[in-house]
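Engineer: File query19.cif follows (mmCIF, C-alpha atoms and all ligand atoms):
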```cif
data_structure
loop_
_atom_site.label_atom_id
_atom_site.label_comp_id
_atom_site.auth_asym_id
_atom_site.auth_seq_id
_atom_site.Cartn_x
_atom_site.Cartn_y
_atom_site.Cartn_z
CA SER T 1 -5.36 11.54 -12.28
CA GLU T 2 -7.73 9.95 -9.80
CA GLY T 3 -10.14 8.91 -12.52
CA PRO T 4 -11.58 5.44 -12.98
CA ASP T 5 -9.25 4.68 -15.89
CA ARG T 6 -6.25 3.71 -13.83
CA GLY T 7 -5.34 1.17 -11.17
CA VAL T 8 -7.97 -0.82 -9.34
CA TRP T 9 -10.92 1.09 -10.88
CA ARG T 10 -9.87 0.21 -14.41
CA TYR T 11 -11.55 -3.09 -13.51
CA ARG T 12 -14.79 -1.41 -12.39
CA GLU T 13 -16.90 -3.84 -14.45
CA GLY T 14 -15.86 -6.52 -11.98
CA LEU T 15 -16.25 -4.32 -8.88
CA PRO T 16 -19.28 -3.22 -6.82
CA PHE T 17 -19.01 0.47 -7.82
CA ASP T 18 -17.57 2.57 -10.65
CA LEU T 19 -15.19 4.45 -8.39
CA GLY T 20 -14.26 4.26 -4.74
CA VAL T 21 -12.51 6.33 -2.11
CA THR T 22 -9.26 6.52 -4.04
CA LEU T 23 -5.71 7.78 -3.49
CA PRO T 24 -5.34 6.13 -6.17
CA GLU T 25 -4.17 2.51 -5.87
CA GLY T 26 -3.02 -0.33 -8.12
CA ASP T 27 -0.93 -0.22 -11.31
CA THR T 28 2.02 -1.57 -9.33
CA PRO T 29 5.21 -2.64 -11.09
CA LEU T 30 5.92 -6.18 -12.29
CA HIS T 31 9.68 -6.02 -11.85
CA ARG T 32 12.19 -8.04 -13.80
CA VAL T 33 14.91 -9.44 -11.52
CA PRO T 34 17.34 -11.15 -13.93
CA ARG T 35 19.97 -12.04 -11.30
CA ILE T 36 17.46 -13.66 -8.98
CA GLU T 37 15.72 -15.35 -11.92
CA GLU T 38 19.06 -16.86 -12.90
CA SER T 39 19.98 -18.00 -9.39
CA VAL T 40 16.55 -19.52 -8.67
CA GLY T 41 16.65 -21.25 -12.04
CA VAL T 42 13.21 -20.79 -13.56
CA ASP T 43 12.19 -19.87 -17.10
CA ALA T 44 10.88 -16.47 -16.03
CA LEU T 45 10.53 -14.70 -12.69
CA ARG T 46 8.78 -11.39 -12.11
CA ILE T 47 8.08 -9.55 -8.86
CA LYS T 48 4.67 -7.90 -8.46
CA HIS T 49 5.54 -5.19 -5.95
CA GLU T 50 2.42 -4.26 -4.03
CA GLY T 51 4.56 -2.17 -1.70
CA MET T 52 4.23 0.54 -4.36
CA ASN T 53 0.62 1.31 -3.42
CA PRO T 54 -0.20 4.66 -1.73
CA THR T 55 0.24 3.47 1.86
CA GLY T 56 2.87 0.90 0.91
CA SER T 57 0.90 -2.34 0.82
CA PHE T 58 -1.76 -4.25 -1.15
CA LYS T 59 -4.32 -3.38 1.53
CA ASP T 60 -5.07 -0.14 -0.34
CA ARG T 61 -6.72 -2.13 -3.13
CA GLY T 62 -9.14 -3.55 -0.61
CA MET T 63 -9.78 -0.33 1.25
CA THR T 64 -10.66 1.70 -1.85
CA VAL T 65 -13.64 -0.65 -2.29
CA GLY T 66 -14.35 -1.43 1.37
CA VAL T 67 -14.50 2.17 2.55
CA ARG T 68 -16.67 3.04 -0.45
CA VAL T 69 -19.13 0.36 0.70
CA ALA T 70 -19.00 1.73 4.24
CA GLN T 71 -19.94 5.18 2.88
CA GLU T 72 -22.83 3.68 0.98
CA LEU T 73 -24.06 1.91 4.12
CA GLY T 74 -23.76 5.15 6.07
CA VAL T 75 -21.87 3.53 8.96
CA GLY T 76 -20.59 5.78 11.75
CA ALA T 77 -17.12 4.32 12.24
CA LEU T 78 -14.61 1.90 10.72
CA ALA T 79 -12.53 -0.69 12.56
CA CYS T 80 -9.99 -3.44 12.03
CA ALA T 81 -7.53 -5.66 13.83
CA SER T 82 -4.13 -5.60 12.24
CA THR T 83 -0.55 -6.75 12.16
CA GLY T 84 0.02 -3.21 10.84
CA ASN T 85 -0.62 -2.75 7.15
CA THR T 86 -4.39 -3.03 7.29
CA SER T 87 -4.43 -0.40 10.05
CA ALA T 88 -2.26 1.97 8.00
CA ALA T 89 -4.50 1.60 4.96
CA LEU T 90 -7.75 1.86 6.90
CA ALA T 91 -6.53 4.99 8.69
CA ALA T 92 -5.60 6.64 5.38
CA TYR T 93 -8.79 5.72 3.52
CA GLY T 94 -10.94 6.49 6.56
CA GLY T 95 -9.28 9.88 6.72
CA ARG T 96 -9.93 10.45 3.04
CA ALA T 97 -13.60 9.54 3.51
CA ASP T 98 -13.79 11.67 6.67
CA MET T 99 -14.85 8.71 8.82
CA PRO T 100 -13.49 7.85 12.28
CA THR T 101 -11.32 4.74 12.42
CA LEU T 102 -10.45 2.40 15.27
CA VAL T 103 -7.59 -0.07 15.02
CA LEU T 104 -6.56 -2.89 17.37
CA LEU T 105 -2.91 -3.90 17.25
CA PRO T 106 -0.98 -6.69 19.01
CA GLN T 107 1.16 -4.84 21.52
CA GLY T 108 4.87 -4.66 20.65
CA LYS T 109 4.48 -6.76 17.50
CA VAL T 110 3.77 -4.15 14.84
CA ALA T 111 6.55 -2.63 12.71
CA ALA T 112 7.31 1.04 13.41
CA GLY T 113 6.35 2.44 10.00
CA LYS T 114 2.87 0.95 10.20
CA VAL T 115 2.03 2.33 13.64
CA ALA T 116 3.37 5.71 12.53
CA GLN T 117 1.04 5.69 9.52
CA ALA T 118 -2.05 4.66 11.48
CA SER T 119 -1.27 7.35 14.03
CA LEU T 120 -0.66 10.24 11.65
CA HIS T 121 -3.59 9.35 9.38
CA GLY T 122 -5.74 9.79 12.46
CA ALA T 123 -6.83 6.35 13.63
CA ARG T 124 -7.58 5.71 17.26
CA ILE T 125 -5.08 2.97 18.13
CA LEU T 126 -5.66 0.37 20.82
CA GLU T 127 -2.73 -1.89 21.68
CA VAL T 128 -4.01 -5.23 22.89
CA ASP T 129 -2.07 -7.46 25.25
CA GLY T 130 -2.40 -10.43 22.91
CA ASN T 131 -1.58 -11.54 19.37
CA PHE T 132 -3.33 -10.58 16.11
CA ASP T 133 -5.86 -13.40 16.35
CA ALA T 134 -6.99 -12.09 19.74
CA CYS T 135 -7.33 -8.57 18.29
CA LEU T 136 -9.50 -9.95 15.49
CA ASP T 137 -11.72 -11.82 17.97
CA ILE T 138 -12.28 -8.57 19.86
CA VAL T 139 -12.95 -6.37 16.84
CA GLN T 140 -15.38 -8.93 15.41
CA ALA T 141 -17.28 -8.80 18.69
CA LEU T 142 -17.24 -4.98 18.60
CA ALA T 143 -18.61 -5.01 15.04
CA ALA T 144 -21.32 -7.49 16.05
CA ARG T 145 -22.34 -5.08 18.79
CA GLY T 146 -22.67 -2.30 16.24
CA GLU T 147 -19.68 -0.30 17.46
CA ALA T 148 -18.04 -0.08 14.03
CA TYR T 149 -17.97 -1.49 10.49
CA LEU T 150 -15.41 -4.29 10.16
CA LEU T 151 -12.77 -3.84 7.46
CA ASN T 152 -10.62 -6.89 7.95
CA SER T 153 -10.37 -9.35 5.06
CA LEU T 154 -13.44 -11.13 6.45
CA ASN T 155 -15.21 -8.25 4.72
CA PRO T 156 -15.89 -9.62 1.22
CA PHE T 157 -15.80 -6.18 -0.42
CA ARG T 158 -12.15 -5.78 0.47
CA LEU T 159 -11.31 -8.95 -1.40
CA GLU T 160 -13.14 -7.59 -4.46
CA GLY T 161 -10.52 -4.85 -4.64
CA GLN T 162 -7.62 -7.20 -3.96
CA LYS T 163 -8.58 -9.55 -6.79
CA THR T 164 -7.34 -6.87 -9.21
CA ILE T 165 -3.78 -7.92 -8.26
CA GLY T 166 -4.42 -11.09 -10.25
CA PHE T 167 -5.97 -9.18 -13.15
CA GLU T 168 -2.95 -6.89 -13.42
CA ILE T 169 -0.53 -9.82 -13.22
CA VAL T 170 -2.08 -11.86 -16.03
CA GLU T 171 -2.61 -8.80 -18.22
CA GLU T 172 0.93 -7.52 -17.91
CA PHE T 173 2.59 -10.91 -18.02
CA HIS T 174 0.67 -11.77 -21.18
CA ALA T 175 1.66 -8.47 -22.78
CA ASP T 176 5.35 -9.28 -22.16
CA TYR T 177 5.48 -13.03 -22.79
CA GLY T 178 2.35 -13.90 -24.78
CA THR T 179 1.44 -16.50 -22.12
CA TYR T 180 0.17 -16.51 -18.55
CA PRO T 181 2.43 -17.26 -15.57
CA ASP T 182 2.42 -20.92 -14.50
CA ARG T 183 2.53 -19.97 -10.84
CA ILE T 184 1.91 -17.09 -8.45
CA VAL T 185 3.72 -17.33 -5.11
CA LEU T 186 2.38 -15.20 -2.29
CA PRO T 187 2.81 -14.74 1.46
CA VAL T 188 -0.11 -15.99 3.56
CA GLY T 189 -1.38 -14.47 6.79
CA ASN T 190 -5.17 -14.47 6.93
CA ALA T 191 -5.21 -15.88 3.38
CA GLY T 192 -7.29 -12.97 2.11
CA ASN T 193 -5.13 -12.42 -0.95
CA THR T 194 -5.10 -16.11 -1.80
CA SER T 195 -8.91 -16.12 -1.65
CA ALA T 196 -9.17 -12.88 -3.61
CA LEU T 197 -6.88 -14.00 -6.41
CA TYR T 198 -8.73 -17.31 -6.68
CA LYS T 199 -12.08 -15.50 -6.94
CA GLY T 200 -10.70 -13.16 -9.59
CA PHE T 201 -9.33 -16.02 -11.67
CA ARG T 202 -12.60 -17.96 -11.40
CA GLU T 203 -14.37 -14.89 -12.75
CA LEU T 204 -11.91 -14.67 -15.65
CA VAL T 205 -12.60 -18.33 -16.44
CA GLN T 206 -16.37 -17.79 -16.24
CA SER T 207 -16.13 -14.83 -18.59
CA GLY T 208 -14.09 -16.87 -21.07
CA ALA T 209 -11.00 -14.67 -20.74
CA LEU T 210 -8.90 -17.53 -19.30
CA SER T 211 -9.20 -21.29 -19.67
CA VAL T 212 -9.09 -23.39 -16.49
CA ASP T 213 -5.58 -24.65 -17.19
CA GLU T 214 -4.32 -21.12 -17.77
CA VAL T 215 -5.06 -20.18 -14.16
CA PRO T 216 -1.73 -19.81 -12.32
CA LYS T 217 -0.99 -22.29 -9.54
CA LEU T 218 -1.61 -20.41 -6.31
CA THR T 219 1.27 -21.13 -3.99
CA GLY T 220 1.14 -19.86 -0.40
CA VAL T 221 4.12 -19.20 1.85
CA GLN T 222 4.08 -18.87 5.63
CA ALA T 223 6.77 -18.40 8.24
CA GLU T 224 7.69 -21.61 10.06
CA GLY T 225 6.59 -20.05 13.35
CA ALA T 226 3.10 -19.29 12.05
CA ALA T 227 2.17 -21.94 9.50
CA PRO T 228 -1.32 -23.36 10.15
CA MET T 229 -2.23 -23.13 6.43
CA VAL T 230 0.82 -25.11 5.41
CA GLU T 231 -0.09 -27.69 8.04
CA ALA T 232 -3.64 -27.98 6.67
CA ILE T 233 -2.46 -28.31 3.05
CA GLU T 234 0.22 -30.86 3.92
CA GLU T 235 -2.17 -32.95 5.99
CA GLY T 236 -4.98 -32.65 3.44
CA ASN T 237 -7.34 -31.02 5.94
CA ASP T 238 -10.20 -28.75 4.86
CA GLU T 239 -10.01 -26.83 8.10
CA ILE T 240 -7.32 -24.98 9.98
CA ARG T 241 -6.07 -25.95 13.39
CA ARG T 242 -5.58 -22.61 15.15
CA TRP T 243 -2.04 -22.03 16.44
CA GLU T 244 -2.16 -20.25 19.79
CA GLU T 245 1.59 -19.54 19.86
CA VAL T 246 3.02 -17.81 16.81
CA GLU T 247 6.37 -16.10 16.23
CA THR T 248 8.27 -14.74 13.26
CA ARG T 249 10.39 -11.79 12.25
CA ALA T 250 7.81 -11.28 9.48
CA THR T 251 5.34 -9.71 11.90
CA ALA T 252 2.81 -8.96 9.12
CA ILE T 253 2.09 -12.68 8.84
CA ARG T 254 2.40 -13.54 12.52
CA ILE T 255 -1.07 -15.12 12.42
CA GLY T 256 -2.26 -18.41 13.90
CA ASN T 257 -5.85 -18.54 12.64
CA PRO T 258 -6.13 -17.60 8.95
CA VAL T 259 -9.79 -16.64 8.79
CA ASN T 260 -10.08 -16.94 5.00
CA ALA T 261 -8.75 -20.50 4.97
CA PRO T 262 -12.11 -22.01 3.87
CA LYS T 263 -11.87 -19.94 0.67
CA ALA T 264 -8.11 -20.15 0.23
CA ILE T 265 -7.58 -23.91 0.67
CA PRO T 266 -9.75 -24.76 -2.38
CA GLY T 267 -7.92 -22.02 -4.28
CA ILE T 268 -4.55 -23.63 -3.64
CA ARG T 269 -5.81 -27.17 -4.31
CA ASN T 270 -7.94 -26.49 -7.39
CA THR T 271 -5.22 -24.53 -9.16
CA GLY T 272 -2.64 -27.26 -8.51
CA GLY T 273 -0.66 -25.05 -6.16
CA THR T 274 0.83 -25.84 -2.79
CA ALA T 275 1.90 -24.23 0.48
CA VAL T 276 5.32 -24.10 2.09
CA ALA T 277 6.87 -22.78 5.30
CA VAL T 278 10.18 -20.90 5.41
CA SER T 279 12.51 -19.93 8.25
CA ASP T 280 13.16 -16.35 9.34
CA GLU T 281 16.73 -16.74 8.04
CA GLU T 282 15.43 -17.71 4.60
CA ILE T 283 13.10 -14.71 4.68
CA THR T 284 15.95 -12.35 5.57
CA GLU T 285 18.17 -13.75 2.83
CA ALA T 286 15.39 -13.29 0.24
CA GLN T 287 14.77 -9.75 1.50
CA ARG T 288 18.47 -8.96 0.97
CA GLN T 289 18.44 -10.50 -2.49
CA LEU T 290 15.44 -8.46 -3.59
CA ALA T 291 16.88 -5.27 -2.10
CA GLY T 292 20.16 -6.00 -3.88
CA GLU T 293 18.29 -5.84 -7.15
CA GLY T 294 16.60 -2.57 -6.15
CA VAL T 295 13.31 -3.98 -4.88
CA GLY T 296 12.77 -2.90 -1.27
CA VAL T 297 10.28 -5.07 0.59
CA GLU T 298 9.35 -5.84 4.18
CA PRO T 299 10.10 -9.30 5.66
CA ALA T 300 6.64 -10.86 5.10
CA SER T 301 6.87 -9.91 1.44
CA ALA T 302 10.19 -11.64 1.01
CA ALA T 303 8.58 -14.87 2.20
CA SER T 304 7.24 -15.35 -1.35
CA LEU T 305 10.73 -15.48 -2.89
CA ALA T 306 12.05 -17.54 0.03
CA GLY T 307 9.23 -20.02 -0.57
CA LEU T 308 9.89 -20.18 -4.30
CA LYS T 309 13.59 -20.88 -3.68
CA LYS T 310 12.73 -23.69 -1.29
CA LEU T 311 10.19 -25.26 -3.67
CA ARG T 312 12.67 -25.01 -6.52
CA ARG T 313 15.38 -26.70 -4.43
CA GLU T 314 12.93 -29.45 -3.51
CA GLY T 315 11.99 -29.92 -7.16
CA VAL T 316 8.34 -29.00 -6.58
CA VAL T 317 8.81 -26.04 -8.93
CA ASP T 318 10.31 -27.00 -12.31
CA ALA T 319 13.08 -25.18 -14.16
CA ASP T 320 10.76 -24.53 -17.12
CA GLU T 321 8.13 -22.71 -15.04
CA THR T 322 7.23 -19.05 -15.32
CA VAL T 323 6.60 -17.53 -11.91
CA VAL T 324 5.37 -14.29 -10.36
CA CYS T 325 6.24 -13.63 -6.72
CA LEU T 326 4.00 -11.19 -4.92
CA THR T 327 5.74 -8.77 -2.58
CA THR T 328 3.05 -7.32 -0.39
CA GLY T 329 4.63 -4.42 1.54
CA HIS T 330 7.35 -1.79 1.20
CA LEU T 331 10.80 -1.94 2.87
CA LEU T 332 10.11 1.27 4.84
CA LYS T 333 7.22 -0.36 6.67
CA ASP T 334 9.73 -2.11 8.93
CA PRO T 335 12.90 0.01 9.18
CA ASP T 336 14.21 -2.00 12.13
CA ALA T 337 14.11 -5.24 10.16
CA ALA T 338 15.80 -3.49 7.23
CA TYR T 339 18.67 -2.29 9.42
CA GLU T 340 19.09 -5.73 10.91
CA ALA T 341 19.22 -7.36 7.49
CA GLY T 342 21.34 -4.67 5.87
CA GLY T 343 23.90 -3.82 8.53
CA ASP T 344 24.78 -0.64 10.38
CA PRO T 345 26.28 2.58 8.96
CA GLU T 346 29.98 3.17 9.74
CA PRO T 347 30.81 6.30 11.76
CA VAL T 348 33.75 8.36 10.41
CA PRO T 349 35.41 11.63 11.49
CA ASN T 350 34.52 14.92 9.76
CA ASP T 351 37.75 14.88 7.71
CA VAL T 352 38.52 13.84 4.10
CA ASP T 353 41.85 12.14 4.86
CA ALA T 354 40.31 10.19 7.71
CA VAL T 355 37.41 9.14 5.44
CA VAL T 356 39.86 7.97 2.73
CA GLU T 357 41.87 6.10 5.34
CA HIS T 358 38.68 4.48 6.62
CA LEU T 359 37.66 3.45 3.08
CA ASP T 360 41.09 1.95 2.33
CA GLY T 361 41.55 0.37 5.71
N1 LIG T 401 2.07 -9.48 3.54
C1 LIG T 401 1.90 -8.35 4.25
C2 LIG T 401 2.93 -7.29 4.14
C3 LIG T 401 0.77 -8.22 5.08
O1 LIG T 401 0.61 -7.10 5.77
C4 LIG T 401 -0.16 -9.27 5.16
C5 LIG T 401 -1.33 -9.19 6.03
C6 LIG T 401 0.08 -10.41 4.40
C7 LIG T 401 1.20 -10.47 3.59
C8 LIG T 401 -0.85 -11.56 4.41
O2 LIG T 401 -1.95 -11.34 3.59
O3 LIG T 401 -3.77 -11.89 5.16
O4 LIG T 401 -4.17 -11.71 2.72
O5 LIG T 401 -2.89 -13.61 3.64
N2 LIG T 401 -1.49 -8.27 6.88
C9 LIG T 401 -2.70 -8.09 7.67
C10 LIG T 401 -2.64 -6.76 8.39
C11 LIG T 401 -3.03 -9.23 8.55
O6 LIG T 401 -3.28 -6.62 9.43
O7 LIG T 401 -1.99 -5.87 7.91
P1 LIG T 401 -3.27 -12.19 3.78
#
```
How does the structure come out when it is put into structure tokens?
Structural biologist:
Amino acid sequence: SEGPDRGVWRYREGLPFDLGVTLPEGDTPLHRVPRIEESVGVDALRIKHEGMNPTGSFKDRGMTVGVRVAQELGVGALACASTGNTSAALAAYGGRADMPTLVLLPQGKVAAGKVAQASLHGARILEVDGNFDACLDIVQALAARGEAYLLNSLNPFRLEGQKTIGFEIVEEFHADYGTYPDRIVLPVGNAGNTSALYKGFRELVQSGALSVDEVPKLTGVQAEGAAPMVEAIEEGNDEIRRWEEVETRATAIRIGNPVNAPKAIPGIRNTGGTAVAVSDEEITEAQRQLAGEGVGVEPASAASLAGLKKLRREGVVDADETVVCLTTGHLLKDPDAAYEAGGDPEPVPNDVDAVVEHLDG
């Protein structure tokens, strides 16, 4: 059903409304991955697969709230800049709410599945000759001029929806293990999720549901080619130095100016977490490993597992820790990356004997 008793809206007491524009979203699986758990060498490892949301990413949790707020405000149009997933979600939720949507994408740097979604769900798509950060600069200026309502993660209502990721994780983990996870590892782009999870956990502490030391250590992972958050955490800075040049196969997190850093940096520090950068090769290997255990994710999502593996190797993560890795988007978002990582199909003749020969040979 679409009622308020499932997914994101089960947590309506902590949200601005009782029900939003819903498809519905949330209630994503917390997969067991025993082979990966064993090879990483931690006490417990679970994968919170946000790719199982209606448009295939965690952005849906934000949009169900954000577009509801836009309706309430009576705005005429919705807009966002995006590395892809936000645009797909905004287009779908805008369509559901019968509101026009405008999306700005970095030209040539958005995975095929995401552009296809934004297009078919009816967004007007502008491809900017620049990276994501440039798109966000432009759309912020458009919003300031009253052209449209901004639904990037700068919009605090979106983060209200996304904080339910943390609620679901601690609830389900506790039901299975009787404790809370020591650590949550998540990919970082604009650091919206990191900020959202931190806000959600602070609210759980304030309400008495969690004690301060039960809050999982928030651990952010970026691609080496786009790692300004990692730089800030490692250098102990409170502010980000914007990277003008960014590159990674994980195009979803190809971001040089994480706009939620002022909220996310305290989240990482105050929970005792850290931030780490991983190579594209490490991301691809983690993507293969997850897929091998049936969990299909896009490259940016696999950064979380790649980061955990690196931190475990370096001894930053202990063998007795319990960990949840967040996978943020579905494999089908980026079919080209999946093919590259998985290998090509083998052509065979239309003949049984030839097929058998091919298999044996
Ligand atoms: N993983 C995926 C699959 C994403 O699409 C994004 C962000 C992130 C991780 C990073 O999350 O920004 O909260 O730190 N994608 C945005 C977009 C930028 O436009 O779709 P964050």
Engineer: Identify the residues within 9 Å of coordinate (7.7, -6.9, 2.1) (same frame as the file), considering all atoms listed in the file, and give the answer as a PDB file with C-alpha atoms, in the coordinates of the input.
Structural biologist:
```
ATOM      1  CA  HIS T  49       5.540  -5.190  -5.950  1.00  0.00           C
ATOM      2  CA  GLU T  50       2.420  -4.260  -4.030  1.00  0.00           C
ATOM      3  CA  GLY T  51       4.560  -2.170  -1.700  1.00  0.00           C
ATOM      4  CA  SER T  57       0.900  -2.340   0.820  1.00  0.00           C
ATOM      5  CA  ALA T 250       7.810 -11.280   9.480  1.00  0.00           C
ATOM      6  CA  ALA T 252       2.810  -8.960   9.120  1.00  0.00           C
ATOM      7  CA  GLN T 287      14.770  -9.750   1.500  1.00  0.00           C
ATOM      8  CA  GLY T 296      12.770  -2.900  -1.270  1.00  0.00           C
ATOM      9  CA  VAL T 297      10.280  -5.070   0.590  1.00  0.00           C
ATOM     10  CA  GLU T 298       9.350  -5.840   4.180  1.00  0.00           C
ATOM     11  CA  PRO T 299      10.100  -9.300   5.660  1.00  0.00           C
ATOM     12  CA  ALA T 300       6.640 -10.860   5.100  1.00  0.00           C
ATOM     13  CA  SER T 301       6.870  -9.910   1.440  1.00  0.00           C
ATOM     14  CA  ALA T 302      10.190 -11.640   1.010  1.00  0.00           C
ATOM     15  CA  ALA T 303       8.580 -14.870   2.200  1.00  0.00           C
ATOM     16  CA  THR T 327       5.740  -8.770  -2.580  1.00  0.00           C
ATOM     17  CA  THR T 328       3.050  -7.320  -0.390  1.00  0.00           C
ATOM     18  CA  GLY T 329       4.630  -4.420   1.540  1.00  0.00           C
ATOM     19  CA  HIS T 330       7.350  -1.790   1.200  1.00  0.00           C
ATOM     20  CA  LEU T 331      10.800  -1.940   2.870  1.00  0.00           C
ATOM     21  CA  LEU T 332      10.110   1.270   4.840  1.00  0.00           C
ATOM     22  CA  LYS T 333       7.220  -0.360   6.670  1.00  0.00           C
ATOM     23  CA  ASP T 334       9.730  -2.110   8.930  1.00  0.00           C
TER      24      ASP T 334
END
```
Engineer: Using all atoms listed in the file, can you tell me which of T:Ala89, T:Ala286, T:Leu15, T:Ala306 comes closest to Asn152 in chain T?
Structural biologist: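 Once distances to Asn152 in chain T are computed over all atoms listed in the file, the minimum belongs to T:Ala89.
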Engineer: Can you pull out the residues contacting Leu126 in chain T? Cut-off 12 Å, using all atoms listed in the file, and skip same-chain residues under 6 positions away; I want them as a tab-separated table (two decimals) with C-alpha atoms, in the frame of the given file.
Structural biologist:
```tsv
chain	number	residue	atom	x	y	z
T	79	ALA	CA	-12.53	-0.69	12.56
T	80	CYS	CA	-9.99	-3.44	12.03
T	81	ALA	CA	-7.53	-5.66	13.83
T	82	SER	CA	-4.13	-5.60	12.24
T	87	SER	CA	-4.43	-0.40	10.05
T	101	THR	CA	-11.32	4.74	12.42
T	102	LEU	CA	-10.45	2.40	15.27
T	103	VAL	CA	-7.59	-0.07	15.02
T	104	LEU	CA	-6.56	-2.89	17.37
T	105	LEU	CA	-2.91	-3.90	17.25
T	106	PRO	CA	-0.98	-6.69	19.01
T	107	GLN	CA	1.16	-4.84	21.52
T	108	GLY	CA	4.87	-4.66	20.65
T	115	VAL	CA	2.03	2.33	13.64
T	118	ALA	CA	-2.05	4.66	11.48
T	119	SER	CA	-1.27	7.35	14.03
T	135	CYS	CA	-7.33	-8.57	18.29
T	138	ILE	CA	-12.28	-8.57	19.86
T	139	VAL	CA	-12.95	-6.37	16.84
```
Engineer: Excluding Leu23 in chain T and any residue of its chain fewer than 3 positions from it, enumerate the residues within 9 Å of it, using all atoms listed in the file, and give them as a short mmCIF file (atom, residue, chain, number, x, y, z; two decimals) with C-alpha atoms, in the frame of the given file.
Structural biologist:
```
data_model
loop_
_atom_site.label_atom_id
_atom_site.label_comp_id
_atom_site.auth_asym_id
_atom_site.auth_seq_id
_atom_site.Cartn_x
_atom_site.Cartn_y
_atom_site.Cartn_z
CA GLU T 2 -7.73 9.95 -9.80
CA PRO T 54 -0.20 4.66 -1.73
CA ASP T 60 -5.07 -0.14 -0.34
CA THR T 64 -10.66 1.70 -1.85
CA ALA T 92 -5.60 6.64 5.38
CA TYR T 93 -8.79 5.72 3.52
CA ARG T 96 -9.93 10.45 3.04
#
```
Engineer: Please, what distance in Å, to one decimal, runs between CA of Asn131 in chain T and CA of Gly307 in chain T?
Structural biologist: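 Spanning CA of Asn131 in chain T to CA of Gly307 in chain T is a straight-line distance of 24.2 Å.
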Engineer: Identify the residues within 12 Å of coordinate (-7.5, 4.5, -13.3) (same frame as the file), considering only C-alpha atoms, and give the answer as a PyMOL selection string.
Structural biologist: chain T and resi 1-12+18-20+22-28
Engineer: Between T:Gly236, T:Pro156, T:Gly272, T:Gly41, which residue has the minimum interatomic distance to Ala319 in chain T, considering all atoms listed in the file?
Structural biologist: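 Among the listed residues, T:Gly41 lies closest to Ala319 in chain T.
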Engineer: Would you please work out which residue, of T:Gly208, T:Gly343, T:Pro187, T:Pro16, is nearest to ligand LIG 401 (chain T) when using only C-alpha atoms and all ligand atoms?
Structural biologist: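 The closest residue to ligand LIG 401 (chain T) is T:Pro187.
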Engineer: Show me, as JSON, numbers by chain, the residues that have an atom within 10 Å of Val33 in chain T when counting all atoms listed in the file, minus same-chain residues fewer than 5 positions from it.
Structural biologist: {"T": [38, 44, 45, 46, 47, 289, 290, 292, 293, 294, 295]}
Engineer: Return the single residue from T:Asn237, T:Thr219, T:Ser195, T:Ser211 that is closest to Val259 in chain T, with distances computed using only C-alpha atoms.
Structural biologist: T:Ser195
Engineer: For a quick check of understanding, using only C-alpha atoms, which of T:Gln162, T:Asn350, T:Gln140, T:Ser153 has the smallest distance to Gly200 in chain T?
Structural biologist: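 Of T:Gln162, T:Asn350, T:Gln140, T:Ser153, the one nearest Gly200 in chain T is T:Gln162, counting only C-alpha atoms.
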Engineer: How many Å lie between CA of Arg241 in chain T and CA of Arg313 in chain T, rounded to one decimal?
Structural biologist: 27.9 Å
Engineer: Tell me, as JSON, numbers by chain, which residues lie within 10 Å of Asn155 in chain T, counting only C-alpha atoms; anything in the same chain fewer than 6 positions away does not count.
Structural biologist: {"T": [62, 66, 149, 192]}
